[in-house]
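Student: Structure: coords-v8.cif, mmCIF, C-alpha atoms.
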data_model
loop_
_atom_site.group_PDB
_atom_site.id
_atom_site.type_symbol
_atom_site.label_atom_id
_atom_site.label_comp_id
_atom_site.auth_asym_id
_atom_site.auth_seq_id
_atom_site.Cartn_x
_atom_site.Cartn_y
_atom_site.Cartn_z
ATOM 1 C CA MET G 1153 0.000 0.000 0.000
ATOM 2 C CA GLU G 1154 1.417 3.307 -1.096
ATOM 3 C CA MET G 1155 1.984 5.715 1.731
ATOM 4 C CA ASN G 1156 0.191 8.924 0.973
ATOM 5 C CA ALA G 1157 -0.067 10.141 4.493
ATOM 6 C CA GLN G 1158 1.682 13.347 5.349
ATOM 7 C CA ILE G 1159 5.197 13.050 6.786
ATOM 8 C CA MET G 1160 6.357 15.790 9.094
ATOM 9 C CA GLY G 1161 3.473 17.931 7.911
ATOM 10 C CA MET G 1162 4.203 17.602 4.153
ATOM 11 C CA PRO G 1163 2.516 15.289 1.597
ATOM 12 C CA SER G 1164 4.686 12.639 -0.092
ATOM 13 C CA TRP G 1165 4.703 14.452 -3.438
ATOM 14 C CA MET G 1166 6.240 17.488 -1.735
ATOM 15 C CA TRP G 1167 9.180 15.398 -0.533
ATOM 16 C CA MET G 1168 9.682 14.249 -4.112
ATOM 17 C CA ALA G 1169 9.572 17.872 -5.272
ATOM 18 C CA VAL G 1170 12.172 18.847 -2.646
ATOM 19 C CA GLY G 1171 14.566 16.242 -4.069
ATOM 20 C CA VAL G 1172 13.862 17.423 -7.620
ATOM 21 C CA PHE G 1173 14.672 21.037 -6.780
ATOM 22 C CA VAL G 1174 17.871 20.115 -4.945
ATOM 23 C CA LEU G 1175 19.021 18.288 -8.095
ATOM 24 C CA ALA G 1176 17.845 21.089 -10.422
ATOM 25 C CA GLY G 1177 19.584 23.697 -8.263
ATOM 26 C CA LEU G 1178 22.791 21.647 -8.284
ATOM 27 C CA VAL G 1179 22.776 21.535 -12.090
ATOM 28 C CA LYS G 1180 22.223 25.286 -12.251
ATOM 29 C CA GLY G 1181 24.994 25.882 -9.722
ATOM 30 C CA VAL G 1182 27.497 23.944 -11.836
ATOM 31 C CA VAL G 1183 26.684 25.211 -15.344
ATOM 32 C CA GLY G 1184 24.568 28.324 -14.684
ATOM 33 C CA LEU G 1185 21.379 27.102 -16.359
ATOM 34 C CA GLY G 1186 18.979 24.165 -16.596
ATOM 35 C CA LEU G 1187 16.855 24.502 -13.432
ATOM 36 C CA PRO G 1188 13.468 24.821 -15.212
ATOM 37 C CA THR G 1189 14.264 21.982 -17.632
ATOM 38 C CA VAL G 1190 15.378 19.506 -14.966
ATOM 39 C CA ALA G 1191 12.538 20.419 -12.613
ATOM 40 C CA MET G 1192 9.810 20.363 -15.265
ATOM 41 C CA GLY G 1193 11.016 17.068 -16.722
ATOM 42 C CA LEU G 1194 10.961 15.284 -13.353
ATOM 43 C CA LEU G 1195 7.896 16.943 -11.827
ATOM 44 C CA ALA G 1196 5.849 16.133 -14.938
ATOM 45 C CA LEU G 1197 6.216 12.453 -14.016
ATOM 46 C CA ARG G 1198 4.010 13.069 -10.975
ATOM 47 C CA MET G 1199 1.796 16.075 -11.749
ATOM 48 C CA PRO G 1200 0.274 18.035 -14.666
ATOM 49 C CA PRO G 1201 2.701 20.404 -16.468
ATOM 50 C CA ALA G 1202 0.690 23.484 -15.482
ATOM 51 C CA GLU G 1203 0.947 22.567 -11.807
ATOM 52 C CA ALA G 1204 4.670 21.854 -12.184
ATOM 53 C CA ALA G 1205 5.187 25.223 -13.873
ATOM 54 C CA ALA G 1206 3.476 27.000 -10.969
ATOM 55 C CA LEU G 1207 6.040 25.492 -8.583
ATOM 56 C CA LEU G 1208 8.872 26.965 -10.672
ATOM 57 C CA VAL G 1209 7.944 30.617 -10.212
ATOM 58 C CA MET G 1210 9.909 31.495 -7.076
ATOM 59 C CA PRO G 1211 12.839 29.037 -7.445
ATOM 60 C CA SER G 1212 13.536 30.144 -11.027
ATOM 61 C CA LEU G 1213 13.458 33.880 -10.362
ATOM 62 C CA VAL G 1214 15.315 33.874 -7.051
ATOM 63 C CA THR G 1215 18.043 31.454 -8.177
ATOM 64 C CA ASN G 1216 18.666 33.683 -11.196
ATOM 65 C CA LEU G 1217 19.038 36.659 -8.862
ATOM 66 C CA TRP G 1218 21.269 34.560 -6.585
ATOM 67 C CA GLN G 1219 23.413 33.680 -9.607
ATOM 68 C CA MET G 1220 24.083 37.395 -10.185
ATOM 69 C CA ARG G 1221 26.167 37.639 -6.998
ATOM 70 C CA PRO G 1222 28.446 39.240 -5.976
ATOM 71 C CA PHE G 1223 26.434 42.377 -6.617
ATOM 72 C CA SER G 1224 29.516 44.526 -5.956
ATOM 73 C CA THR G 1225 30.929 43.427 -9.345
ATOM 74 C CA LEU G 1226 27.659 43.811 -11.221
ATOM 75 C CA GLY G 1227 28.366 47.413 -12.331
ATOM 76 C CA PRO G 1228 31.026 46.570 -14.959
ATOM 77 C CA ALA G 1229 28.886 43.705 -16.265
ATOM 78 C CA LEU G 1230 25.874 46.010 -16.618
ATOM 79 C CA ARG G 1231 27.932 48.595 -18.474
ATOM 80 C CA ARG G 1232 29.107 45.941 -20.900
ATOM 81 C CA ILE G 1233 25.812 44.151 -21.567
ATOM 82 C CA GLY G 1234 23.259 46.726 -20.416
ATOM 83 C CA THR G 1235 22.003 47.448 -23.932
ATOM 84 C CA MET G 1236 21.590 43.709 -24.434
ATOM 85 C CA GLN G 1237 19.138 43.691 -21.502
ATOM 86 C CA ILE G 1238 17.161 46.509 -23.117
ATOM 87 C CA GLY G 1239 17.053 44.438 -26.286
ATOM 88 C CA ILE G 1240 15.726 41.449 -24.338
ATOM 89 C CA CYS G 1241 12.872 43.551 -22.942
ATOM 90 C CA VAL G 1242 12.010 45.033 -26.349
ATOM 91 C CA GLY G 1243 12.197 41.664 -28.130
ATOM 92 C CA THR G 1244 10.045 39.966 -25.507
ATOM 93 C CA GLY G 1245 7.474 42.758 -25.672
ATOM 94 C CA VAL G 1246 7.274 42.580 -29.465
ATOM 95 C CA GLY G 1247 6.976 38.805 -29.339
ATOM 96 C CA ALA G 1248 4.245 38.957 -26.709
ATOM 97 C CA ALA G 1249 2.290 41.424 -28.842
ATOM 98 C CA LEU G 1250 2.677 39.395 -32.045
ATOM 99 C CA LEU G 1251 2.659 35.809 -30.775
ATOM 100 C CA GLY G 1252 0.774 35.860 -27.473
ATOM 101 C CA ALA G 1253 1.714 33.295 -24.813
ATOM 102 C CA PRO G 1254 4.368 30.635 -25.509
ATOM 103 C CA ALA G 1255 2.502 27.711 -27.056
ATOM 104 C CA ASP G 1256 4.067 26.608 -30.331
ATOM 105 C CA ALA G 1257 5.588 23.146 -29.834
ATOM 106 C CA TRP G 1258 7.509 23.383 -33.104
ATOM 107 C CA ALA G 1259 9.194 26.572 -31.923
ATOM 108 C CA GLY G 1260 10.482 24.600 -28.951
ATOM 109 C CA VAL G 1261 11.699 21.808 -31.234
ATOM 110 C CA ALA G 1262 13.544 24.286 -33.457
ATOM 111 C CA LEU G 1263 15.180 25.895 -30.426
ATOM 112 C CA GLY G 1264 16.166 22.476 -29.072
ATOM 113 C CA VAL G 1265 17.815 21.573 -32.371
ATOM 114 C CA ALA G 1266 19.703 24.891 -32.355
ATOM 115 C CA LEU G 1267 20.998 24.162 -28.848
ATOM 116 C CA VAL G 1268 22.172 20.675 -29.858
ATOM 117 C CA VAL G 1269 23.948 21.993 -32.958
ATOM 118 C CA TYR G 1270 25.665 24.801 -31.047
ATOM 119 C CA ALA G 1271 26.786 22.540 -28.186
ATOM 120 C CA ALA G 1272 28.103 19.872 -30.562
ATOM 121 C CA TRP G 1273 29.860 22.537 -32.648
ATOM 122 C CA THR G 1274 31.592 23.954 -29.578
ATOM 123 C CA LEU G 1275 32.517 20.539 -28.143
ATOM 124 C CA ALA G 1276 34.142 19.763 -31.494
ATOM 125 C CA GLY G 1277 36.535 22.660 -30.861
ATOM 126 C CA ALA G 1278 34.965 25.428 -32.969
ATOM 127 C CA LYS G 1279 34.977 28.952 -31.519
ATOM 128 C CA TRP G 1280 32.939 32.108 -32.013
ATOM 129 C CA GLN G 1281 34.530 35.336 -30.863
ATOM 130 C CA VAL G 1282 33.024 38.823 -30.844
ATOM 131 C CA PRO G 1283 35.527 41.681 -31.339
ATOM 132 C CA PRO G 1284 35.021 44.439 -28.734
ATOM 133 C CA GLN G 1285 34.246 47.028 -31.431
ATOM 134 C CA HIS G 1286 31.155 45.021 -32.492
ATOM 135 C CA GLU G 1287 29.627 44.657 -29.023
ATOM 136 C CA GLY G 1288 27.878 48.045 -29.262
ATOM 137 C CA TRP G 1289 25.497 46.958 -32.037
ATOM 138 C CA LEU G 1290 25.576 43.170 -31.675
ATOM 139 C CA GLY G 1291 24.573 43.130 -27.988
ATOM 140 C CA PRO G 1292 21.167 44.827 -28.496
ATOM 141 C CA LEU G 1293 20.523 42.686 -31.595
ATOM 142 C CA VAL G 1294 21.267 39.448 -29.734
ATOM 143 C CA GLY G 1295 19.133 40.643 -26.818
ATOM 144 C CA SER G 1296 16.188 41.416 -29.108
ATOM 145 C CA VAL G 1297 16.373 38.013 -30.814
ATOM 146 C CA THR G 1298 16.693 36.286 -27.440
ATOM 147 C CA GLY G 1299 13.637 38.164 -26.162
ATOM 148 C CA PHE G 1300 11.575 37.251 -29.209
ATOM 149 C CA ILE G 1301 12.523 33.569 -28.901
ATOM 150 C CA THR G 1302 11.693 33.737 -25.188
ATOM 151 C CA SER G 1303 8.205 35.001 -25.944
ATOM 152 C CA ALA G 1304 7.692 32.100 -28.388
ATOM 153 C CA THR G 1305 9.142 29.265 -26.313
ATOM 154 C CA GLY G 1306 9.594 30.396 -22.710
ATOM 155 C CA VAL G 1307 13.320 29.512 -22.943
ATOM 156 C CA PHE G 1308 15.954 32.261 -22.847
ATOM 157 C CA VAL G 1309 19.220 30.531 -23.786
ATOM 158 C CA ILE G 1310 19.653 31.150 -27.530
ATOM 159 C CA PRO G 1311 21.396 33.245 -28.767
ATOM 160 C CA ALA G 1312 22.221 34.891 -25.404
ATOM 161 C CA VAL G 1313 24.497 32.162 -23.990
ATOM 162 C CA PRO G 1314 26.558 31.669 -27.191
ATOM 163 C CA TYR G 1315 26.993 35.453 -27.416
ATOM 164 C CA LEU G 1316 28.132 35.756 -23.790
ATOM 165 C CA GLN G 1317 30.560 32.872 -24.343
ATOM 166 C CA ALA G 1318 31.949 34.654 -27.412
ATOM 167 C CA LEU G 1319 32.891 37.651 -25.231
ATOM 168 C CA ASN G 1320 35.648 35.533 -23.626
ATOM 169 C CA LEU G 1321 34.408 36.285 -20.112
ATOM 170 C CA SER G 1322 35.976 34.579 -17.124
ATOM 171 C CA ARG G 1323 34.110 31.578 -15.741
ATOM 172 C CA ASP G 1324 32.577 33.428 -12.778
ATOM 173 C CA LEU G 1325 31.732 36.516 -14.836
ATOM 174 C CA LEU G 1326 30.030 34.313 -17.448
ATOM 175 C CA ILE G 1327 27.892 32.740 -14.719
ATOM 176 C CA GLN G 1328 27.039 36.190 -13.336
ATOM 177 C CA THR G 1329 26.080 37.672 -16.709
ATOM 178 C CA MET G 1330 23.937 34.631 -17.513
ATOM 179 C CA GLY G 1331 22.148 35.164 -14.209
ATOM 180 C CA LEU G 1332 21.557 38.794 -15.142
ATOM 181 C CA CYS G 1333 20.185 37.911 -18.583
ATOM 182 C CA PHE G 1334 17.982 35.130 -17.206
ATOM 183 C CA SER G 1335 16.586 37.424 -14.489
ATOM 184 C CA VAL G 1336 15.704 40.143 -16.994
ATOM 185 C CA SER G 1337 14.234 37.543 -19.356
ATOM 186 C CA THR G 1338 12.124 35.999 -16.582
ATOM 187 C CA LEU G 1339 10.671 39.358 -15.560
ATOM 188 C CA ALA G 1340 10.098 40.402 -19.175
ATOM 189 C CA LEU G 1341 8.350 37.120 -19.964
ATOM 190 C CA ALA G 1342 6.157 37.414 -16.858
ATOM 191 C CA ALA G 1343 5.172 40.929 -17.924
ATOM 192 C CA GLY G 1344 4.368 39.702 -21.435
ATOM 193 C CA LEU G 1345 2.245 36.855 -20.101
ATOM 194 C CA ALA G 1346 0.412 39.205 -17.743
ATOM 195 C CA TRP G 1347 -0.267 41.578 -20.621
ATOM 196 C CA ASN G 1348 -1.796 38.678 -22.573
ATOM 197 C CA GLY G 1349 -3.832 37.550 -19.568
ATOM 198 C CA SER G 1350 -1.944 34.241 -19.399
ATOM 199 C CA PHE G 1351 0.046 34.727 -16.202
ATOM 200 C CA SER G 1352 -0.939 32.896 -13.033
ATOM 201 C CA VAL G 1353 1.199 32.914 -9.900
ATOM 202 C CA GLY G 1354 -0.236 29.547 -8.870
ATOM 203 C CA ASP G 1355 0.329 28.501 -5.304
ATOM 204 C CA VAL G 1356 2.950 31.044 -4.229
ATOM 205 C CA GLY G 1357 3.291 29.404 -0.827
ATOM 206 C CA ARG G 1358 4.276 25.997 -2.256
ATOM 207 C CA SER G 1359 6.599 27.649 -4.744
ATOM 208 C CA ALA G 1360 8.283 29.628 -1.962
ATOM 209 C CA VAL G 1361 8.809 26.453 0.109
ATOM 210 C CA LEU G 1362 10.641 24.837 -2.829
ATOM 211 C CA LEU G 1363 12.935 27.837 -3.124
ATOM 212 C CA VAL G 1364 14.912 26.533 -0.117
ATOM 213 C CA PRO G 1365 15.967 23.174 -1.633
ATOM 214 C CA ALA G 1366 16.724 24.893 -4.948
ATOM 215 C CA LEU G 1367 19.110 27.293 -3.196
ATOM 216 C CA VAL G 1368 20.706 24.427 -1.247
ATOM 217 C CA GLY G 1369 21.318 22.503 -4.462
ATOM 218 C CA MET G 1370 22.618 25.614 -6.186
ATOM 219 C CA GLN G 1371 25.077 26.274 -3.357
ATOM 220 C CA ILE G 1372 26.392 22.704 -3.669
ATOM 221 C CA GLY G 1373 26.683 23.122 -7.433
ATOM 222 C CA THR G 1374 28.553 26.412 -7.006
ATOM 223 C CA TRP G 1375 31.012 24.675 -4.673
ATOM 224 C CA LEU G 1376 31.593 21.994 -7.317
ATOM 225 C CA ARG G 1377 31.985 24.575 -10.119
ATOM 226 C CA GLN G 1378 34.702 26.415 -8.229
ATOM 227 C CA ARG G 1379 36.696 23.186 -8.158
ATOM 228 C CA LEU G 1380 36.408 22.548 -11.893
ATOM 229 C CA SER G 1381 39.164 23.628 -14.262
ATOM 230 C CA PRO G 1382 38.084 26.167 -16.954
ATOM 231 C CA LEU G 1383 38.248 23.369 -19.553
ATOM 232 C CA TRP G 1384 35.982 21.050 -17.597
ATOM 233 C CA PHE G 1385 33.606 23.892 -16.758
ATOM 234 C CA LYS G 1386 33.253 24.634 -20.485
ATOM 235 C CA ARG G 1387 32.639 20.971 -21.208
ATOM 236 C CA CYS G 1388 30.008 20.755 -18.468
ATOM 237 C CA LEU G 1389 28.304 23.891 -19.813
ATOM 238 C CA MET G 1390 28.185 22.517 -23.354
ATOM 239 C CA VAL G 1391 26.949 19.104 -22.220
ATOM 240 C CA GLY G 1392 24.266 20.921 -20.209
ATOM 241 C CA LEU G 1393 23.174 22.826 -23.318
ATOM 242 C CA LEU G 1394 23.227 19.611 -25.353
ATOM 243 C CA LEU G 1395 20.992 17.808 -22.857
ATOM 244 C CA LEU G 1396 18.713 20.855 -22.619
ATOM 245 C CA GLY G 1397 18.283 20.818 -26.406
ATOM 246 C CA VAL G 1398 17.621 17.078 -26.516
ATOM 247 C CA SER G 1399 15.085 17.424 -23.708
ATOM 248 C CA MET G 1400 13.220 20.177 -25.601
ATOM 249 C CA VAL G 1401 13.075 18.103 -28.792
ATOM 250 C CA VAL G 1402 11.887 14.967 -26.971
ATOM 251 C CA ARG G 1403 9.200 16.831 -24.992
#
With the file now loaded, output its structure as structure tokens.

Tutor:
Amino acid sequence: MEMNAQIMGMPSWMWMAVGVFVLAGLVKGVVGLGLPTVAMGLLALRMPPAEAAALLVMPSLVTNLWQMRPFSTLGPALRRIGTMQIGICVGTGVGAALLGAPADAWAGVALGVALVVYAAWTLAGAKWQVPPQHEGWLGPLVGSVTGFITSATGVFVIPAVPYLQALNLSRDLLIQTMGLCFSVSTLALAAGLAWNGSFSVGDVGRSAVLLVPALVGMQIGTWLRQRLSPLWFKRCLMVGLLLLGVSMVVR
């Protein structure tokens, strides 16, 4: 007989969700992305996708903000990629107006394929570098495209992450700038969904409870990342993107 009684005041499914968010936070702590994908993929085995998505609200936003630390070094990063963040907001707004809420499964498949191709291309040793003199116009363009893709798919990785990698940032600065971009993208997407009448905060209390295990997992992942060599960090990041792309195509 399956035990569905509450343990220590929490139902059994909540204990499963705690484990899921520890794992998802760990992945994000190591490579700087992947929390929504890992969490959604595992939670969907036990609950409807809409309910799983509601649990992601607080862990996703707060872990992105957490990833932006230390805030004392955020000024130089903002000066370098600030116009990219404006582009993300504009692109997401345009996409929300033209496309409505993220719903097109084929858009997700196309994005997943793009992630797989980029990760495989990079793992094969190919490099993309952006000369400093081109950052002024390329940053806003990349941000706008990223925002538009976000509004179509709900995923804000392409082309933002490849662009940030092409800036030859240090490992920790790359993680910080990804956190900044993901935070802006999350807020911009939420605003777009609200404007279309498709945003629901769900059960904020349950989502807030799951923020704690996500942060614990992320702290463990950060500890592991700091002990990886730059080469192995890059490999882990690319494998993470590869698995993210495969997951999107399969789903």

Student: Per residue of stretch 1226-1304 of chain G within 12 Å of stretch 1387-1397 of chain G, which atom pair is closest and at what distance in Å (one decimal), using only C-alpha atoms, listed by chain and increasing number, as JSON lines?

Tutor:
{"residue": "G:Gly1260", "atom": "CA", "partner": "G:Gly1397", "partner_atom": "CA", "distance": 9.0}
{"residue": "G:Val1261", "atom": "CA", "partner": "G:Gly1397", "partner_atom": "CA", "distance": 8.2}
{"residue": "G:Ala1262", "atom": "CA", "partner": "G:Gly1397", "partner_atom": "CA", "distance": 9.2}
{"residue": "G:Leu1263", "atom": "CA", "partner": "G:Gly1397", "partner_atom": "CA", "distance": 7.2}
{"residue": "G:Gly1264", "atom": "CA", "partner": "G:Gly1397", "partner_atom": "CA", "distance": 3.8}
{"residue": "G:Val1265", "atom": "CA", "partner": "G:Gly1397", "partner_atom": "CA", "distance": 6.0}
{"residue": "G:Ala1266", "atom": "CA", "partner": "G:Gly1397", "partner_atom": "CA", "distance": 7.3}
{"residue": "G:Leu1267", "atom": "CA", "partner": "G:Gly1397", "partner_atom": "CA", "distance": 5.0}
{"residue": "G:Val1268", "atom": "CA", "partner": "G:Leu1394", "partner_atom": "CA", "distance": 4.7}
{"residue": "G:Val1269", "atom": "CA", "partner": "G:Leu1394", "partner_atom": "CA", "distance": 8.0}
{"residue": "G:Tyr1270", "atom": "CA", "partner": "G:Leu1394", "partner_atom": "CA", "distance": 8.1}
{"residue": "G:Ala1271", "atom": "CA", "partner": "G:Met1390", "partner_atom": "CA", "distance": 5.0}
{"residue": "G:Ala1272", "atom": "CA", "partner": "G:Leu1394", "partner_atom": "CA", "distance": 7.1}
{"residue": "G:Trp1273", "atom": "CA", "partner": "G:Met1390", "partner_atom": "CA", "distance": 9.4}
{"residue": "G:Thr1274", "atom": "CA", "partner": "G:Met1390", "partner_atom": "CA", "distance": 7.2}
{"residue": "G:Leu1275", "atom": "CA", "partner": "G:Met1390", "partner_atom": "CA", "distance": 6.8}
{"residue": "G:Ala1276", "atom": "CA", "partner": "G:Met1390", "partner_atom": "CA", "distance": 10.5}
{"residue": "G:Gly1277", "atom": "CA", "partner": "G:Arg1387", "partner_atom": "CA", "distance": 10.5}

Student: Pick from G:Met1166, G:Leu1226, G:Leu1195, G:Leu1380: nearest to G:Gln1328, with all atoms listed in the file counted?

Tutor: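 Closest candidate: G:Leu1226.
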
Student: What lies within 8 Å of G:Val1336 using all atoms listed in the file, ignoring chain neighbours under 5 positions off, as a JSON list (two decimals) with C-alpha atoms, in the coordinates of the input?

Tutor:
[["chain", "number", "residue", "atom", "x", "y", "z"],
["G", 1237, "GLN", "CA", 19.14, 43.69, -21.50],
["G", 1240, "ILE", "CA", 15.73, 41.45, -24.34],
["G", 1241, "CYS", "CA", 12.87, 43.55, -22.94]]

Student: Skipping near chain neighbours, those fewer than 4 positions away, what residues fall within 8 Å of stretch 1360-1362 of chain G using all atoms listed in the file, listed as a list in words?

Tutor: Ala1169, Val1170, Phe1173, Leu1207, Met1210, Pro1211, Val1356 and Ala1366 of chain G

Student: May I ask which of the residues G:Val1209, G:Val1401, G:Leu1383, G:Leu1230 is the closest one to G:Arg1323, counting all atoms listed in the file?

Tutor: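 The answer is G:Leu1383, which sits nearest to G:Arg1323.
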
Student: From the options G:Leu1250, G:Gly1184, G:Leu1341, G:Trp1375, which residue's atoms come nearest to G:Leu1217, counting all atoms listed in the file?

Tutor: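 Ranked by minimum distance to G:Leu1217, first place goes to G:Gly1184.
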
Student: Which polymer residues, protein or nucleic acid, are no farther than 10 Å from (23.6, 47.4, -22.4), counting only C-alpha atoms, as number ranges by chain?

Tutor: G: 1229-1239, 1287-1289, 1291-1292, 1295

Student: So what do you get for atom CA of G:His1286 versus atom CA of G:Leu1326, distance-wise?

Tutor: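 According to the coordinates, atom CA of G:His1286 and atom CA of G:Leu1326 are separated by 18.5 Å.
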
Student: So, with all atoms listed in the file as the atoms that count, which of G:Ala1249, G:Ala1304, G:Ile1310, G:Met1370 lies closest to G:Ala1346?

Tutor: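 Of all the options, G:Ala1249 lies closest to G:Ala1346.
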
Student: Would you compute the distance between atom CA of G:Ser1212 and atom CA of G:Val1297? Give it in Å to one decimal.

Tutor: 21.5 Å

Student: When the PyMOL selection byres ((chain G and resi 1371) around 10) is applied to the file above, which residues end up in the set, as number ranges by chain?

Tutor: G: 1174, 1177-1178, 1180-1182, 1215, 1218-1219, 1365-1370, 1372-1377

Student: To one decimal in Å, tell me the separation between atom CA of G:Val1402 and atom CA of G:Pro1311.

Tutor: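 Straight-line distance from atom CA of G:Val1402 to atom CA of G:Pro1311 works out to 20.7 Å.
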
Student: With distances taken over only C-alpha atoms, which of G:Phe1385, G:Met1168, G:Phe1300, G:Thr1189 is nearest to G:Ser1399?

Tutor: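 Of G:Phe1385, G:Met1168, G:Phe1300, G:Thr1189, the one nearest G:Ser1399, counting only C-alpha atoms, is G:Thr1189.
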
Student: Restricting the calculation to all atoms listed in the file: of G:Gly1357, G:Gly1299, G:Gly1247, G:Pro1382, which residue gets closest to G:Ala1312?

Tutor: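 Of G:Gly1357, G:Gly1299, G:Gly1247, G:Pro1382, the one nearest G:Ala1312 is G:Gly1299, counting all atoms listed in the file.
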
Student: Can you take the partial stretch 1296-1317 of chain G, add N, CA and C atoms, and return it as a PDB file, in the coordinates of the input?

Tutor:
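result-v8.pdb, freshly written:
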ATOM      1  N   SER G1296      17.518  41.356 -28.487  1.00  0.00           N
ATOM      2  CA  SER G1296      16.188  41.416 -29.108  1.00  0.00           C
ATOM      3  C   SER G1296      15.763  40.051 -29.637  1.00  0.00           C
ATOM      4  N   VAL G1297      16.687  39.350 -30.295  1.00  0.00           N
ATOM      5  CA  VAL G1297      16.373  38.013 -30.814  1.00  0.00           C
ATOM      6  C   VAL G1297      16.094  37.050 -29.660  1.00  0.00           C
ATOM      7  N   THR G1298      16.916  37.134 -28.613  1.00  0.00           N
ATOM      8  CA  THR G1298      16.693  36.286 -27.440  1.00  0.00           C
ATOM      9  C   THR G1298      15.312  36.546 -26.838  1.00  0.00           C
ATOM     10  N   GLY G1299      14.949  37.823 -26.712  1.00  0.00           N
ATOM     11  CA  GLY G1299      13.637  38.164 -26.162  1.00  0.00           C
ATOM     12  C   GLY G1299      12.499  37.631 -27.005  1.00  0.00           C
ATOM     13  N   PHE G1300      12.633  37.732 -28.320  1.00  0.00           N
ATOM     14  CA  PHE G1300      11.575  37.251 -29.209  1.00  0.00           C
ATOM     15  C   PHE G1300      11.425  35.740 -29.096  1.00  0.00           C
ATOM     16  N   ILE G1301      12.566  35.025 -29.055  1.00  0.00           N
ATOM     17  CA  ILE G1301      12.523  33.569 -28.901  1.00  0.00           C
ATOM     18  C   ILE G1301      11.936  33.197 -27.541  1.00  0.00           C
ATOM     19  N   THR G1302      12.256  33.974 -26.512  1.00  0.00           N
ATOM     20  CA  THR G1302      11.693  33.737 -25.188  1.00  0.00           C
ATOM     21  C   THR G1302      10.179  33.828 -25.209  1.00  0.00           C
ATOM     22  N   SER G1303       9.657  34.834 -25.894  1.00  0.00           N
ATOM     23  CA  SER G1303       8.205  35.001 -25.944  1.00  0.00           C
ATOM     24  C   SER G1303       7.529  33.851 -26.689  1.00  0.00           C
ATOM     25  N   ALA G1304       8.270  33.201 -27.611  1.00  0.00           N
ATOM     26  CA  ALA G1304       7.692  32.100 -28.388  1.00  0.00           C
ATOM     27  C   ALA G1304       7.802  30.768 -27.682  1.00  0.00           C
ATOM     28  N   THR G1305       8.856  30.585 -26.873  1.00  0.00           N
ATOM     29  CA  THR G1305       9.142  29.265 -26.313  1.00  0.00           C
ATOM     30  C   THR G1305       9.210  29.225 -24.797  1.00  0.00           C
ATOM     31  N   GLY G1306       9.401  30.376 -24.150  1.00  0.00           N
ATOM     32  CA  GLY G1306       9.594  30.396 -22.710  1.00  0.00           C
ATOM     33  C   GLY G1306      11.000  30.034 -22.281  1.00  0.00           C
ATOM     34  N   VAL G1307      11.925  29.861 -23.230  1.00  0.00           N
ATOM     35  CA  VAL G1307      13.320  29.512 -22.943  1.00  0.00           C
ATOM     36  C   VAL G1307      14.209  30.659 -23.395  1.00  0.00           C
ATOM     37  N   PHE G1308      15.157  31.069 -22.533  1.00  0.00           N
ATOM     38  CA  PHE G1308      15.954  32.261 -22.847  1.00  0.00           C
ATOM     39  C   PHE G1308      17.450  31.959 -22.896  1.00  0.00           C
ATOM     40  N   VAL G1309      17.828  30.954 -23.686  1.00  0.00           N
ATOM     41  CA  VAL G1309      19.220  30.531 -23.786  1.00  0.00           C
ATOM     42  C   VAL G1309      19.869  30.963 -25.101  1.00  0.00           C
ATOM     43  N   ILE G1310      19.129  30.856 -26.193  1.00  0.00           N
ATOM     44  CA  ILE G1310      19.653  31.150 -27.530  1.00  0.00           C
ATOM     45  C   ILE G1310      19.094  32.471 -28.013  1.00  0.00           C
ATOM     46  N   PRO G1311      19.937  33.352 -28.618  1.00  0.00           N
ATOM     47  CA  PRO G1311      21.396  33.245 -28.767  1.00  0.00           C
ATOM     48  C   PRO G1311      22.190  33.899 -27.628  1.00  0.00           C
ATOM     49  N   ALA G1312      21.554  34.150 -26.479  1.00  0.00           N
ATOM     50  CA  ALA G1312      22.221  34.891 -25.404  1.00  0.00           C
ATOM     51  C   ALA G1312      23.467  34.184 -24.881  1.00  0.00           C
ATOM     52  N   VAL G1313      23.356  32.880 -24.572  1.00  0.00           N
ATOM     53  CA  VAL G1313      24.497  32.162 -23.990  1.00  0.00           C
ATOM     54  C   VAL G1313      25.660  32.055 -24.974  1.00  0.00           C
ATOM     55  N   PRO G1314      25.431  31.670 -26.248  1.00  0.00           N
ATOM     56  CA  PRO G1314      26.558  31.669 -27.191  1.00  0.00           C
ATOM     57  C   PRO G1314      27.220  33.040 -27.321  1.00  0.00           C
ATOM     58  N   TYR G1315      26.425  34.107 -27.311  1.00  0.00           N
ATOM     59  CA  TYR G1315      26.993  35.453 -27.416  1.00  0.00           C
ATOM     60  C   TYR G1315      27.860  35.773 -26.205  1.00  0.00           C
ATOM     61  N   LEU G1316      27.359  35.484 -25.004  1.00  0.00           N
ATOM     62  CA  LEU G1316      28.132  35.756 -23.790  1.00  0.00           C
ATOM     63  C   LEU G1316      29.423  34.936 -23.779  1.00  0.00           C
ATOM     64  N   GLN G1317      29.347  33.690 -24.251  1.00  0.00           N
ATOM     65  CA  GLN G1317      30.560  32.872 -24.343  1.00  0.00           C
ATOM     66  C   GLN G1317      31.565  33.484 -25.305  1.00  0.00           C
TER      67      GLN G1317
END
